[in-house]
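Visitor: Input file: data06.txt. Contents: compact mmCIF, C-alpha atoms and all ligand atoms.
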```txt
# COMPACT_ATOMS: atom_id res chain seq x y z
CA MET P 23 0.00 0.00 0.00
CA ALA P 24 1.32 3.44 -0.87
CA GLN P 25 2.60 5.32 2.15
CA ALA P 26 0.32 8.21 3.12
CA GLN P 27 1.95 11.56 2.61
CA GLY P 28 3.47 13.06 5.71
CA VAL P 29 3.37 9.79 7.68
CA GLU P 30 6.81 8.77 8.85
CA LYS P 31 7.81 5.23 7.93
CA LYS P 32 8.25 3.05 10.99
CA GLN P 33 11.73 1.66 11.50
CA MET P 34 11.84 -2.11 11.84
CA ARG P 35 13.26 -3.19 15.17
CA THR P 36 16.68 -4.81 14.84
CA PRO P 37 16.45 -8.38 16.01
CA ILE P 38 18.16 -9.06 19.33
CA GLU P 39 20.75 -11.74 18.80
CA SER P 40 20.67 -14.06 21.76
CA GLY P 41 22.88 -17.07 22.35
CA CYS P 42 26.51 -17.46 23.20
CA PRO P 43 28.69 -14.41 22.61
CA ASP P 44 31.94 -14.92 20.72
CA GLY P 45 34.32 -16.46 23.26
CA MET P 46 37.48 -15.08 21.64
CA GLN P 47 36.91 -11.64 23.14
CA TYR P 48 37.14 -13.08 26.67
CA MET P 49 40.15 -15.33 26.15
CA HIS P 50 43.54 -14.81 27.67
CA PRO P 51 45.61 -12.83 25.09
CA LEU P 52 48.21 -15.61 24.88
CA MET P 53 45.47 -18.08 23.95
CA VAL P 54 44.14 -15.78 21.25
CA LYS P 55 47.64 -15.24 19.89
CA ASN P 56 48.40 -18.98 19.71
CA PHE P 57 44.93 -20.20 18.79
CA GLY P 58 45.24 -23.53 16.97
CA ASN P 59 49.03 -23.52 17.24
CA TRP P 60 49.78 -25.49 20.36
CA LYS P 61 52.71 -27.90 20.29
CA TYR P 62 52.07 -30.02 23.39
CA HIS P 63 50.72 -29.94 26.91
CA ASP P 64 51.55 -31.67 30.16
CA ARG P 65 50.56 -31.53 33.82
CA PRO P 66 53.25 -30.28 36.19
CA ARG P 67 51.08 -31.19 39.22
CA PRO P 68 47.47 -32.26 39.89
CA GLY P 69 45.09 -29.47 39.00
CA VAL P 70 47.51 -27.61 36.72
CA LEU P 71 47.75 -27.85 32.92
CA HIS P 72 50.73 -26.46 31.04
CA HIS P 73 50.41 -25.68 27.31
CA VAL P 74 53.36 -24.84 25.07
CA ALA P 75 52.81 -23.16 21.70
CA TYR P 76 54.91 -23.45 18.53
CA SER P 77 55.78 -19.77 19.07
CA GLY P 78 57.47 -20.74 22.35
CA ASP P 79 54.74 -19.09 24.46
CA GLU P 80 53.65 -21.02 27.54
CA ILE P 81 50.47 -20.84 29.59
CA TRP P 82 49.48 -22.51 32.84
CA THR P 83 45.86 -23.30 33.72
CA VAL P 84 44.82 -23.84 37.34
CA ARG P 85 41.62 -25.89 37.73
CA VAL P 86 39.53 -25.10 40.79
CA GLY P 87 36.56 -27.12 42.06
CA THR P 88 33.48 -25.10 42.95
CA GLN P 89 30.30 -25.91 44.82
CA ARG P 90 28.52 -25.61 41.44
CA GLN P 91 25.75 -23.27 42.50
CA LEU P 92 27.52 -19.97 42.94
CA GLY P 93 25.90 -16.85 44.36
CA PRO P 94 27.22 -13.29 43.97
CA TYR P 95 29.33 -13.64 47.13
CA GLU P 96 31.20 -16.69 45.83
CA ILE P 97 31.61 -15.25 42.33
CA ASN P 98 33.03 -11.99 43.72
CA LEU P 99 35.35 -13.94 46.02
CA LEU P 100 36.67 -16.09 43.16
CA CYS P 101 37.03 -13.14 40.78
CA ASP P 102 38.90 -11.12 43.42
CA ILE P 103 41.41 -13.97 43.74
CA VAL P 104 41.75 -14.15 39.96
CA ASP P 105 42.32 -10.39 39.73
CA LYS P 106 44.86 -10.36 42.56
CA TYR P 107 46.87 -13.52 41.86
CA GLY P 108 45.98 -14.38 38.24
CA GLU P 109 45.73 -12.29 35.12
CA GLY P 110 42.02 -11.54 35.07
CA HIS P 111 40.99 -14.37 32.73
CA VAL P 112 38.81 -17.32 33.77
CA ARG P 113 36.54 -19.86 32.15
CA PHE P 114 34.10 -22.44 33.46
CA THR P 115 34.38 -26.05 32.34
CA ILE P 116 31.37 -28.21 31.54
CA ARG P 117 31.82 -29.79 34.98
CA SER P 118 31.59 -26.38 36.68
CA ASN P 119 35.25 -26.08 37.50
CA LEU P 120 36.81 -22.67 37.32
CA GLU P 121 39.96 -22.50 35.18
CA VAL P 122 42.38 -19.63 35.61
CA MET P 123 45.08 -18.96 33.00
CA VAL P 124 48.43 -17.36 33.85
CA SER P 125 51.52 -16.74 31.72
CA LYS P 126 54.15 -17.41 34.41
CA TRP P 127 54.82 -20.56 36.44
CA GLU P 128 55.76 -18.35 39.43
CA LYS P 129 52.14 -17.20 39.65
CA VAL P 130 50.76 -20.74 39.97
CA GLY P 131 51.81 -21.42 43.59
CA PRO P 132 50.34 -18.21 45.13
CA LEU P 133 47.16 -18.67 43.06
CA ILE P 134 46.65 -22.21 44.37
CA GLN P 135 47.39 -21.06 47.92
CA ALA P 136 44.83 -18.26 47.66
CA PHE P 137 42.12 -20.65 46.40
CA ASN P 138 42.94 -23.19 49.09
CA ASP P 139 42.85 -20.50 51.79
CA ALA P 140 39.37 -19.53 50.59
CA GLY P 141 38.28 -23.19 50.83
CA TYR P 142 38.41 -24.09 47.14
CA PRO P 143 40.30 -27.23 46.08
CA VAL P 144 42.61 -27.36 43.06
CA GLY P 145 42.52 -30.64 41.14
CA GLY P 146 40.29 -32.58 38.80
CA THR P 147 42.92 -33.23 36.15
CA GLY P 148 44.40 -36.51 34.87
CA ASN P 149 43.52 -39.69 36.73
CA SER P 150 41.46 -38.01 39.42
CA VAL P 151 37.79 -38.12 40.24
CA THR P 152 36.82 -35.07 38.24
CA MET P 153 34.09 -32.74 39.44
CA ILE P 154 30.74 -34.53 39.32
CA SER P 155 28.60 -33.19 36.50
CA HIS P 156 25.01 -32.57 37.36
CA THR P 157 21.79 -31.50 35.80
CA GLN P 158 20.03 -28.24 36.57
CA GLY P 159 17.91 -29.38 39.49
CA TRP P 160 15.52 -27.21 41.41
CA LEU P 161 17.19 -23.95 40.46
CA HIS P 162 16.43 -24.06 36.76
CA CYS P 163 14.10 -26.94 35.99
CA ASP P 164 10.46 -27.64 36.79
CA ILE P 165 10.50 -31.45 37.01
CA PRO P 166 13.39 -32.62 39.20
CA ALA P 167 12.74 -35.35 41.74
CA THR P 168 15.89 -34.61 43.70
CA ASP P 169 18.35 -31.81 44.25
CA ALA P 170 21.14 -32.89 41.91
CA SER P 171 23.40 -30.11 43.19
CA GLY P 172 23.01 -31.30 46.75
CA VAL P 173 23.93 -34.88 45.82
CA VAL P 174 27.02 -33.53 44.03
CA LYS P 175 28.13 -31.26 46.84
CA SER P 176 27.73 -33.87 49.56
CA LEU P 177 29.53 -36.53 47.50
CA MET P 178 32.38 -34.26 46.42
CA ASP P 179 32.93 -33.38 50.08
CA GLU P 180 33.53 -37.09 50.66
CA LEU P 181 35.71 -37.50 47.55
CA TYR P 182 37.77 -34.38 48.19
CA GLU P 183 41.08 -36.29 48.38
CA GLU P 184 40.39 -38.05 45.08
CA PHE P 185 39.77 -34.68 43.40
CA ILE P 186 43.06 -33.10 44.50
CA LYS P 187 45.15 -36.23 43.76
CA GLU P 188 45.60 -38.24 40.57
CA GLU P 189 45.61 -41.72 42.06
CA MET P 190 42.86 -43.50 40.14
CA PRO P 191 43.69 -46.06 37.40
CA ASN P 192 42.20 -43.65 34.88
CA ARG P 193 40.03 -40.57 35.06
CA VAL P 194 36.65 -41.10 36.74
CA HIS P 195 33.63 -39.18 35.53
CA ILE P 196 30.67 -39.23 37.88
CA THR P 197 27.36 -37.82 36.71
CA THR P 198 23.99 -37.17 38.30
CA SER P 199 20.52 -36.71 36.90
CA CYS P 200 17.46 -35.49 38.74
CA CYS P 201 14.86 -37.11 36.47
CA GLN P 202 14.84 -40.25 34.38
CA ILE P 203 14.33 -38.85 30.95
CA ASN P 204 16.14 -35.68 30.06
CA CYS P 205 19.63 -34.39 30.83
CA GLY P 206 22.37 -36.38 32.50
CA GLY P 207 24.82 -38.50 30.63
CA GLN P 208 27.03 -41.53 30.44
CA GLY P 209 29.34 -41.72 33.44
CA ASP P 210 31.85 -44.15 34.90
CA ILE P 211 29.47 -43.93 37.85
CA ALA P 212 26.07 -42.27 37.41
CA ILE P 213 23.54 -41.37 40.09
CA ASN P 214 20.10 -41.12 38.53
CA ILE P 215 16.57 -40.72 39.79
CA GLN P 216 14.47 -43.85 39.55
CA HIS P 217 10.69 -43.57 39.84
CA THR P 218 9.11 -46.72 41.19
CA LYS P 219 5.38 -45.91 41.00
CA PRO P 220 3.20 -44.73 38.09
CA PRO P 221 2.08 -41.08 38.24
CA LYS P 222 -0.76 -40.06 40.55
CA ILE P 223 -3.16 -38.01 38.44
CA ASN P 224 -4.77 -34.85 39.76
CA HIS P 225 -7.94 -35.15 37.66
CA ASP P 226 -9.25 -31.72 38.69
CA LEU P 227 -6.35 -29.98 36.98
CA VAL P 228 -5.77 -32.01 33.80
CA ALA P 229 -8.41 -30.24 31.70
CA ASN P 230 -7.12 -26.78 32.71
CA VAL P 231 -3.42 -27.42 32.42
CA CYS P 232 -2.71 -30.18 29.92
CA GLU P 233 -2.98 -30.63 26.21
CA ARG P 234 -4.16 -34.23 26.37
CA PRO P 235 -3.03 -35.43 22.90
CA SER P 236 0.54 -34.24 23.62
CA VAL P 237 0.57 -36.11 26.92
CA VAL P 238 -0.74 -39.28 25.28
CA ALA P 239 1.92 -38.93 22.58
CA ARG P 240 4.70 -38.52 25.14
CA CYS P 241 4.26 -41.97 26.66
CA PRO P 242 6.86 -44.38 25.19
CA VAL P 243 4.75 -47.47 25.95
CA ALA P 244 1.32 -46.10 25.02
CA ALA P 245 0.05 -46.44 28.58
CA ILE P 246 -1.96 -43.18 28.65
CA ARG P 247 -5.51 -42.83 27.36
CA PRO P 248 -7.93 -39.90 27.39
CA ALA P 249 -10.75 -40.43 29.89
CA ILE P 250 -13.63 -38.57 31.47
CA VAL P 251 -13.29 -38.49 35.25
CA ASN P 252 -15.90 -36.84 37.50
CA GLY P 253 -17.49 -35.42 34.36
CA LYS P 254 -14.28 -33.65 33.32
CA PRO P 255 -11.88 -34.49 30.50
CA SER P 256 -8.84 -36.17 32.02
CA LEU P 257 -6.38 -38.99 31.43
CA GLU P 258 -5.89 -42.51 32.72
CA VAL P 259 -2.81 -44.70 32.94
CA ASP P 260 -2.61 -48.41 32.33
CA GLU P 261 -0.41 -49.17 35.32
CA LYS P 262 0.55 -52.62 34.01
CA LYS P 263 2.13 -51.00 30.98
CA CYS P 264 3.62 -47.94 32.70
CA ILE P 265 7.40 -48.11 33.09
CA CYS P 266 7.42 -45.17 35.53
CA CYS P 267 9.64 -43.07 33.28
CA GLY P 268 8.05 -39.73 34.14
CA ALA P 269 7.90 -38.53 30.52
CA CYS P 270 4.24 -37.50 30.95
CA TYR P 271 5.03 -35.17 33.85
CA PRO P 272 6.82 -32.28 32.02
CA PRO P 273 3.97 -31.59 29.55
CA CYS P 274 1.34 -32.23 32.23
CA PRO P 275 2.28 -31.43 35.85
CA PRO P 276 -0.96 -33.03 37.18
CA MET P 277 0.64 -36.39 36.20
CA GLN P 278 2.46 -36.24 39.53
CA ILE P 279 5.37 -38.69 39.37
CA ASN P 280 7.67 -37.15 41.99
CA ASP P 281 7.20 -38.70 45.37
CA PRO P 282 9.24 -38.35 48.57
CA GLU P 283 9.17 -42.08 49.18
CA HIS P 284 8.81 -43.73 45.80
CA SER P 285 11.21 -41.57 43.79
CA LYS P 286 14.46 -43.34 44.56
CA LEU P 287 18.04 -43.06 43.42
CA ALA P 288 19.80 -45.66 41.32
CA ILE P 289 23.48 -46.11 40.54
CA TRP P 290 24.69 -46.99 37.06
CA VAL P 291 28.23 -48.00 36.18
CA GLY P 292 30.61 -48.23 33.24
CA GLY P 293 29.46 -45.56 30.77
CA LYS P 294 31.90 -43.47 28.80
CA ASN P 295 31.91 -41.28 25.73
CA SER P 296 35.62 -41.58 25.07
CA ASN P 297 37.03 -43.65 22.20
CA ALA P 298 40.40 -44.07 23.88
CA ARG P 299 41.52 -47.72 24.25
CA SER P 300 37.96 -49.05 23.86
CA LYS P 301 34.66 -48.10 22.28
CA PRO P 302 32.22 -45.73 24.01
CA MET P 303 30.05 -47.71 26.43
CA PHE P 304 26.57 -47.51 27.93
CA GLN P 305 26.34 -47.50 31.70
CA LYS P 306 24.41 -50.31 33.41
CA LEU P 307 22.24 -50.37 36.51
CA VAL P 308 24.00 -51.84 39.56
CA ALA P 309 22.12 -50.48 42.59
CA ALA P 310 18.45 -49.56 42.73
CA GLY P 311 15.95 -48.23 45.21
CA LEU P 312 18.36 -46.12 47.28
CA PRO P 313 16.51 -43.58 49.41
CA ASN P 314 16.39 -39.99 48.17
CA ASN P 315 17.67 -38.76 51.48
CA PRO P 316 18.70 -35.07 51.69
CA PRO P 317 20.71 -33.19 52.78
CA ARG P 318 23.69 -35.59 52.56
CA TRP P 319 22.38 -38.74 50.80
CA PRO P 320 24.56 -41.08 52.94
CA GLU P 321 23.21 -44.31 51.36
CA VAL P 322 24.16 -43.12 47.88
CA ALA P 323 27.60 -41.96 49.03
CA ALA P 324 28.26 -45.37 50.61
CA VAL P 325 27.51 -47.25 47.38
CA VAL P 326 29.48 -44.84 45.18
CA LYS P 327 32.50 -45.06 47.47
CA LYS P 328 32.28 -48.85 47.56
CA ILE P 329 32.36 -49.03 43.75
CA LEU P 330 35.03 -46.36 43.42
CA TYR P 331 37.48 -47.86 45.90
CA THR P 332 36.98 -51.40 44.58
CA TYR P 333 37.81 -50.07 41.13
CA LYS P 334 40.82 -48.19 42.47
CA LYS P 335 42.16 -51.35 44.11
CA ASP P 336 41.39 -53.88 41.41
CA ALA P 337 41.65 -52.12 38.04
CA ARG P 338 44.79 -52.11 35.92
CA ASP P 339 46.47 -48.88 34.92
CA TRP P 340 44.45 -46.90 32.36
CA GLU P 341 41.33 -49.06 32.63
CA ARG P 342 38.19 -46.93 32.84
CA VAL P 343 35.49 -48.34 35.14
CA GLY P 344 33.69 -49.89 32.15
CA ASP P 345 36.92 -51.48 30.84
CA TRP P 346 37.59 -52.94 34.27
CA VAL P 347 34.10 -54.47 34.48
CA GLU P 348 34.41 -55.82 30.90
CA ARG P 349 37.63 -57.59 31.92
CA ILE P 350 36.47 -59.08 35.22
CA GLY P 351 32.82 -59.66 34.21
CA TRP P 352 29.63 -58.49 35.91
CA PRO P 353 29.35 -61.48 38.32
CA ARG P 354 32.82 -60.66 39.68
CA PHE P 355 31.88 -56.96 39.87
CA PHE P 356 28.97 -57.79 42.18
CA GLU P 357 31.18 -60.16 44.19
CA LEU P 358 33.97 -57.63 44.67
CA THR P 359 31.75 -54.67 45.49
CA GLY P 360 29.41 -56.73 47.69
CA LEU P 361 26.40 -55.12 46.02
CA PRO P 362 23.36 -57.39 45.92
CA PHE P 363 22.16 -58.55 42.51
CA THR P 364 18.39 -58.04 42.60
CA LYS P 365 15.41 -58.41 40.30
CA PHE P 366 15.80 -54.75 39.40
CA HIS P 367 18.95 -55.61 37.45
CA ILE P 368 16.93 -57.65 35.01
CA ASP P 369 15.31 -55.76 32.22
CA ASN P 370 11.95 -57.50 32.03
CA TRP P 371 10.18 -54.81 30.06
CA ARG P 372 8.44 -56.24 27.01
CA GLY P 373 10.58 -54.05 24.74
CA ALA P 374 13.67 -55.54 26.36
CA ARG P 375 14.66 -57.58 23.36
CA ASN P 376 15.86 -54.29 21.93
CA SER P 377 17.62 -53.15 25.07
CA LEU P 378 19.12 -56.27 26.72
CA ASN P 379 22.57 -55.10 25.70
CA ALA P 380 22.11 -52.18 28.07
CA SER P 381 21.39 -54.23 31.19
CA ALA P 382 23.97 -55.86 33.44
CA HIS P 383 22.75 -59.45 33.31
CA ILE P 384 23.35 -60.54 29.75
CA ARG P 385 25.36 -59.55 26.72
CA PHE P 386 25.08 -60.82 23.17
S1 LIG P 401 17.66 -34.15 34.63
FE1 LIG P 401 15.48 -33.82 34.32
S2 LIG P 401 14.78 -32.81 36.21
FE2 LIG P 401 16.99 -32.65 36.14
S3 LIG P 401 17.39 -30.66 35.19
FE3 LIG P 401 17.41 -32.20 33.55
S4 LIG P 401 15.29 -32.23 32.77
FE4 LIG P 401 15.26 -31.19 34.75
S1 LIG P 402 5.37 -42.50 33.59
FE1 LIG P 402 6.12 -42.90 31.50
S2 LIG P 402 5.32 -44.93 31.01
FE2 LIG P 402 4.14 -44.19 32.77
S3 LIG P 402 2.36 -43.21 31.92
FE3 LIG P 402 3.89 -41.59 32.16
S4 LIG P 402 4.95 -41.51 30.21
FE4 LIG P 402 3.83 -43.45 30.24
```
Can the structure in the file be given as C-alpha cells, please?
Guide:
Amino acid sequence: MAQAQGVEKKQMRTPIESGCPDGMQYMHPLMVKNFGNWKYHDRPRPGVLHHVAYSGDEIWTVRVGTQRQLGPYEINLLCDIVDKYGEGHVRFTIRSNLEVMVSKWEKVGPLIQAFNDAGYPVGGTGNSVTMISHTQGWLHCDIPATDASGVVKSLMDELYEEFIKEEMPNRVHITTSCCQINCGGQGDIAINIQHTKPPKINHDLVANVCERPSVVARCPVAAIRPAIVNGKPSLEVDEKKCICCGACYPPCPPMQINDPEHSKLAIWVGGKNSNARSKPMFQKLVAAGLPNNPPRWPEVAAVVKKILYTYKKDARDWERVGDWVERIGWPRFFELTGLPFTKFHIDNWRGARNSLNASAHIRF
C-alpha cells in the first residue's frame, strides 16, 4: 500500500541476537595469539595444565573445584582472587570447575594457595575423580525429583582427596541426573533418579493445564488414554504398561510422578563417551531403590565409594570403570563390590529384546 503523505515510515526493530557471545573476546591474550598452534601440553602437578605453543609461548591453567551453585558472594570472592593472583581471565568447564590462566609458572603457587585459603580445592585433572557433572535441578528446571546439586556437593565433600590427587587407574567421571528422561549423561558412575510408582493423576487440573493429545503422545509405551473423570476431561494410565519413566510429567504437571518415598536413586556404572583404548560404552544399573535422602544422601555416598574404591584397588592402569568391568565380568563386579544382585537388574520390560545389551545381566 502506498505510504500516506506526511506519515513517517516506521523503523523495523533490529532483532536481538541471543545465544553465546563470541568467546574469543574473553580469552587470555596468549590463547588468542596462539589459537590452533599449540605444540604439546603436560601436567606439572594435579590441578595444573601447562600448554606450550609453537611460538614458544607457555600458559598454565589452574583448575579449581566449585560448589557448582555460585551466588554473587562466591563469584566476587573467586574473581577477586583471579584479579589479585591471576591475570584476570577465567573460564568455566562443563563440569563447573573454574579454570584460571596465567603466563608465568611463578604465579601458579600463590594462586593455588589463595584458592585453598578460601576453601576451594585445586585438582580434577588426569587420573582423578573429576568434578561430578550434574543436571540443573531445582534452580532451573520444573520437574526434578531430587536436588542434583546437593547430591554432588555432599559426595564431592567425601571424595575431596580423590579430586586433589591423581591416584585413580584412569580418570573417573561421575554424573547425576534429577529425572529419568532428560539431561544427564554416560558416566563411569552415574547417580540417577528412579521412579518406582506410576504417576498419581490430579484429575481436577488435567483439563485446565494439559494438552491431552501431547501427553498421550509422550508416553513411550502407550500407557496413557484420554478419559472422562468426574465429568471432566482427564487422562488414565494403564499401570501394568507404565514403566514409571516420568515422561508424561513435564507436559502435564498433574501427572504427579515425583514422590518423597517412591522416587528413589539408582546407581549406574561403566558408561563413557571416550574412544580411547575401547569403544564408548553404555552404563548399566548396579544399585536400585536407594533412598532420596537429603541433605547428605549417605546411602548413595556409601555405594558410590564402595564401587570407586573397589575399582581403584582392582583395576589395571588406564582401565576406565567400564573397561575394568568388561575384563572381570559383571558377576565378579557384584562379588567384589558386595552389592546385591536383585530383580531390578533384570530388564523385564516387554521391549527388552531391543535393550538387553544395556542391562547388566546378559550380553550378546
Ligand atoms: S535431569 Fe530432568 S529434572 Fe533434572 S534438570 Fe534435567 S530435565 Fe530437569
Ligand atoms: S510415567 Fe512414563 S510410562 Fe508411565 S504413563 Fe507416564 S509416560 Fe507413560
Visitor: Please provide the set of residues having any atom within 9 Å of region 155-167 of chain P, restricted to only C-alpha atoms, with same-chain residues fewer than 5 positions apart removed, written as an mmCIF file with C-alpha atoms, in the frame of the given file.
Guide:
```cif
data_model
loop_
_atom_site.group_PDB
_atom_site.id
_atom_site.type_symbol
_atom_site.label_atom_id
_atom_site.label_comp_id
_atom_site.auth_asym_id
_atom_site.auth_seq_id
_atom_site.Cartn_x
_atom_site.Cartn_y
_atom_site.Cartn_z
ATOM 1 C CA ARG P 90 28.520 -25.610 41.440
ATOM 2 C CA GLN P 91 25.750 -23.270 42.500
ATOM 3 C CA ILE P 116 31.370 -28.210 31.540
ATOM 4 C CA ARG P 117 31.820 -29.790 34.980
ATOM 5 C CA SER P 118 31.590 -26.380 36.680
ATOM 6 C CA VAL P 173 23.930 -34.880 45.820
ATOM 7 C CA VAL P 174 27.020 -33.530 44.030
ATOM 8 C CA HIS P 195 33.630 -39.180 35.530
ATOM 9 C CA ILE P 196 30.670 -39.230 37.880
ATOM 10 C CA THR P 197 27.360 -37.820 36.710
ATOM 11 C CA THR P 198 23.990 -37.170 38.300
ATOM 12 C CA SER P 199 20.520 -36.710 36.900
ATOM 13 C CA CYS P 200 17.460 -35.490 38.740
ATOM 14 C CA CYS P 201 14.860 -37.110 36.470
ATOM 15 C CA CYS P 205 19.630 -34.390 30.830
ATOM 16 C CA GLY P 206 22.370 -36.380 32.500
ATOM 17 C CA GLY P 207 24.820 -38.500 30.630
ATOM 18 C CA ILE P 215 16.570 -40.720 39.790
ATOM 19 C CA GLN P 216 14.470 -43.850 39.550
ATOM 20 C CA HIS P 217 10.690 -43.570 39.840
ATOM 21 C CA TYR P 271 5.030 -35.170 33.850
ATOM 22 C CA PRO P 272 6.820 -32.280 32.020
ATOM 23 C CA PRO P 275 2.280 -31.430 35.850
ATOM 24 C CA ILE P 279 5.370 -38.690 39.370
ATOM 25 C CA ASN P 280 7.670 -37.150 41.990
ATOM 26 C CA ASP P 281 7.200 -38.700 45.370
ATOM 27 C CA PRO P 282 9.240 -38.350 48.570
ATOM 28 C CA SER P 285 11.210 -41.570 43.790
ATOM 29 C CA LYS P 286 14.460 -43.340 44.560
ATOM 30 C CA ASN P 314 16.390 -39.990 48.170
#
```
Visitor: Have a look at P:Leu99, P:Val112, P:Ile203, P:Ala245 and name the one nearest to ligand LIG 401 (chain P); count all atoms listed in the file.
Guide: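 Going through P:Leu99, P:Val112, P:Ile203, P:Ala245 one by one, the smallest distance to ligand LIG 401 (chain P) is for P:Ile203.
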Visitor: Could you report the residues within 8 Å of ligand LIG 402 (chain P), using only C-alpha atoms and all ligand atoms, as a list in words?
Guide: Pro220, Pro221, Val237, Val238, Arg240, Cys241, Pro242, Val243, Ala244, Ala245, Ile246, Val259, Asp260, Glu261, Lys263, Cys264, Ile265, Cys266, Cys267, Gly268, Ala269, Cys270, Tyr271, Met277 and Ile279 of chain P
Visitor: Mind pulling up the distance from CA of Gly172 (chain P) to CA of Trp319 (chain P)?
Guide: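 Result for CA of Trp319 (chain P) versus CA of Gly172 (chain P): 8.5 Å, one decimal.
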Visitor: Give me, as a list in words, all polymer residues having an atom no more than 12 Å from Cys101 (chain P), counting all atoms listed in the file and skipping those fewer than 2 positions away in the same chain.
Guide: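 Listed by chain and then number, they are Leu92, Pro94, Tyr95, Glu96, Ile97, Asn98, Leu99, Ile103, Val104, Asp105, Lys106, Tyr107, Gly108, Glu109, Gly110, His111, Val112, Arg113, Leu120, Glu121, Val122, Leu133, Ala136, Phe137 and Ala140 of chain P.
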Visitor: In Å, with one decimal, what is the gap from atom S2 of ligand LIG 401 (chain P) to CA of Pro235 (chain P)?
Guide: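 Distance reported for this atom pair: 22.4 Å.
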Visitor: Work out how far CA of Ser125 (chain P) is from CA of Arg67 (chain P), in Å to one decimal.
Guide: 16.3 Å
Visitor: Give the answer as one residue: which of P:Ser236, P:Thr359, P:Thr83, P:Asn59 has the shortest atom-to-atom distance to Val124 (chain P), using all atoms listed in the file?
Guide: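 Closest residue, counting all atoms listed in the file: P:Thr83.
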Visitor: Of the residues P:Ser77, P:Asn204, P:Asn138, P:Ser176, which is the one nearest to ligand LIG 401 (chain P), using all atoms listed in the file?
Guide: P:Asn204
Visitor: So, with all atoms listed in the file as the atoms that count, which of P:Asp169, P:Tyr62, P:Asp345, P:Ala75 lies closest to Lys301 (chain P)?
Guide: P:Asp345
Visitor: What are the centre and the three edge lengths of an axis-aligned box that wraps all atoms of ligand LIG 401 (chain P) in the file, given that 4 Å is added to every side, written as AutoDock Vina command-line options and rounded to one decimal in Å?
Guide:
```
--center_x 16.2 --center_y -32.4 --center_z 34.5 --size_x 10.9 --size_y 11.5 --size_z 11.4
```
